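Novice: Submitted below is the structure of interest, expressed as structure tokens.
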Amino acid sequence: MATQINLGNLTVDVTFKDIKNIHLSVYPPDGKVRISAPARMNLDTVRVFAISKLGWIKQQQEKLLRQDRETPREYLDRESHYVWGKRYLLQIVEGNAPPGIELKHNTLVLRVRPGTEEQKKQAIVEVWYREQLKVAAADIITRWEPRIGVKVGTFFVQRMKTKWGNCNPIHRSLRFNTELAKKPPECLEYIVVHEMVHLLEPTHNARFVALMERFMPNWRMFREQLNQLPVRHEAWDY
């Protein structure tokens with residue numbers, strides 16, 4: 001069941017689910033607030049919880065509004081594109097060979113057939129990013145499984161509008177945002193480890209934090225680095 005509560009000029013979307021604990025999230029780009037609450041919890045209790053978190057909510061909203069946005073990409077020569085945190089200038093090469101991408105020094109070479117439209121160029125680039133991320137994530141998972149003491153069932157790479165990653169502990173599956181292929185490698189490693197730790201502890205409670213401290217003592221620094229980087233320019237749907 002979904003409803004809303006109003007706290008002054010703040011509207012909070014509330015969804016009641018078959019869960020044990022209440023969860024609060026602030027979503028980009030403009031700080032929309034959502035609460036997932038146990039089905040047995042009454043709305044007044046949710047309201048009190050939201051009021052107790054108003055300071056934190058405001059901090060998160062201000063942080064999101066300050067975060068830089070990428071300019072829209074048009075897939076033209078000398079346009080900036082990022083791969084693993086490094087800036088490359090796009091070079092369009094038209095020919096009759098199959099489409100493909102190659103990194104040469106500081107250039108991202110996009111080979112396409114003559115007359116290829118922008119939408120198709122974008123699709124080629126996004127598939128390439130997805131493949132880069134799949135390879136990198138698989139390597140990180142393999143390295144970290146024995147350290148954390150878990151076994152990942154499967155993982156997926158896809159465009160995700162509100163999260164960098166996601167874990168389903170029941171199916172032991174992980175999902176990663178394709179945009180991570182644009183960020184520094186240590187940011188991807190942090191997200192992969194974060195989601196793998198959720199196989200031991202599904203929530204962000206004190207045990208989860210303690211586990212992150214044990215496995216990756218600098219995780220907060222990586223999180224802050226990731227949150228300060230520009231995010232994709234697009235229309236966000238809720």
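Ordering of the structure tokens sets the chain letters (A, B, ...), residue numbers begin anew at 1 in every chain, and ligands are numbered from 1 in the order given.
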I need the residues in chain A that are helix (DSSP H, G or I) according to DSSP; give them as an NGL selection string.
Specialist: :A and (43-52 or 54-66 or 118-148 or 178-182 or 185-197 or 206-215 or 219-228)
Novice: Could you pull out the strand (DSSP E or B) residues of range 7-194 of chain A from DSSP and send them as JSON, numbers by chain?
Specialist: {"A": [7, 10, 11, 12, 13, 14, 15, 16, 17, 23, 24, 25, 26, 27, 32, 33, 34, 35, 36, 37, 38, 69, 80, 81, 82, 83, 86, 87, 88, 89, 90, 91, 92, 93, 94, 100, 101, 102, 103, 104, 107, 108, 109, 110, 111, 112, 154, 155, 156, 157, 158, 165, 166, 167, 168, 173, 174, 175, 176, 177]}
Novice: Near Lys86 in chain A, within 10 Å and counting only C-alpha atoms, which residues show up once chain neighbours fewer than 3 positions away are dropped, as a list in words?
Specialist: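 Those residues are Ser80, His81, Tyr82, Val83, Asn106, Lys182, Lys183 and Pro184 of chain A.
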Novice: Output the selection as a compact mmCIF listing (two decimals), in the first residue's frame - N, CA and C atoms for each residue.
Specialist:
```txt
# COMPACT_ATOMS: atom_id res chain seq x y z
N SER A 80 33.71 15.10 -24.91
CA SER A 80 34.35 14.41 -23.79
C SER A 80 33.53 13.21 -23.33
N HIS A 81 34.22 12.09 -23.14
CA HIS A 81 33.63 10.89 -22.57
C HIS A 81 34.61 10.33 -21.55
N TYR A 82 34.08 9.69 -20.51
CA TYR A 82 34.93 9.20 -19.43
C TYR A 82 34.91 7.68 -19.37
N VAL A 83 36.10 7.10 -19.17
CA VAL A 83 36.25 5.66 -19.01
C VAL A 83 37.16 5.44 -17.80
N ASN A 106 44.46 9.29 -25.64
CA ASN A 106 43.40 10.06 -24.99
C ASN A 106 42.15 10.16 -25.85
N LYS A 182 32.32 4.61 -16.01
CA LYS A 182 32.86 5.95 -16.24
C LYS A 182 33.65 6.46 -15.03
N LYS A 183 33.48 5.81 -13.90
CA LYS A 183 34.06 6.29 -12.65
C LYS A 183 35.40 5.61 -12.37
N PRO A 184 36.21 6.16 -11.48
CA PRO A 184 37.50 5.53 -11.14
C PRO A 184 37.31 4.09 -10.67
```
Novice: Which residue is closest to Asn205 in chain A? Choose from A:Pro114, A:His23, A:Glu94, A:Gln61 and count only C-alpha atoms.
Specialist: A:His23
Novice: Applying 6 Å and only C-alpha atoms, which residues near Asp77 in chain A remain after dropping the ones on its own chain fewer than 6 positions away? List them as a compact mmCIF listing (two decimals) with N, CA and C atoms, in the first residue's frame.
Specialist:
```
# COMPACT_ATOMS: atom_id res chain seq x y z
N LEU A 90 36.10 12.02 -28.03
CA LEU A 90 35.46 11.13 -28.99
C LEU A 90 35.94 11.43 -30.42
N GLN A 91 36.23 10.37 -31.16
CA GLN A 91 36.56 10.48 -32.58
C GLN A 91 35.64 9.55 -33.35
N ILE A 92 34.83 10.10 -34.23
CA ILE A 92 33.92 9.31 -35.05
C ILE A 92 34.62 8.92 -36.34
```
Novice: Using only C-alpha atoms, find each residue of range 58-132 of chain A with at least one atom at most 10 Å away from an atom of range 158-162 of chain A; report its shortest atom-to-atom pair and that distance in Å (one decimal), sort the rows by chain and rising residue number, and return the result as a Markdown table.
Specialist:
```
| residue | atom | partner | partner_atom | distance |
| --- | --- | --- | --- | --- |
| A:Glu126 | CA | A:Arg159 | CA | 9.2 |
| A:Val127 | CA | A:Gln158 | CA | 9.7 |
| A:Tyr129 | CA | A:Gln158 | CA | 10.0 |
| A:Arg130 | CA | A:Gln158 | CA | 7.1 |
```
Novice: Could you pull the residues within 7 Å of Val93 in chain A, counting only C-alpha atoms, minus those fewer than 2 positions along the same chain, as a list in words?
Specialist: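 Near neighbours after the sequence-gap exclusion: Gln91, Gly95, Val109, Leu110, Arg111 and Val112 of chain A.
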Novice: With only C-alpha atoms as the atoms that count, which of A:Leu133, A:Ile191, A:Ala97, A:Val33 lies nearest to Trp84 in chain A?
Specialist: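 Under the stated criterion, the closest residue is A:Leu133.
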Novice: Using only C-alpha atoms for the distances, tell me which of A:Ala181, A:Ala37, A:Cys167, A:Val152 is nearest to Trp128 in chain A.
Specialist: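 Once distances to Trp128 in chain A are computed over only C-alpha atoms, the minimum belongs to A:Ala181.
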Novice: Find the residues near Ala39 in chain A: any atom within 7 Å, counting only C-alpha atoms, skip ones fewer than 3 places away on the same chain, and give them as a PyMOL selection string.
Specialist: chain A and resi 16-18
Novice: Taking only C-alpha atoms into account, name the residue in A:Arg113, A:Arg147, A:Lys121, A:Lys32 that is nearest to Thr11 in chain A.
Specialist: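 Using only C-alpha atoms, Thr11 in chain A sits closest to A:Lys32.
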Novice: By how many Å are CA of Leu211 in chain A and CA of Val46 in chain A apart?
Specialist: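 Answer for the CA of Leu211 in chain A to CA of Val46 in chain A separation: 28.4 Å.
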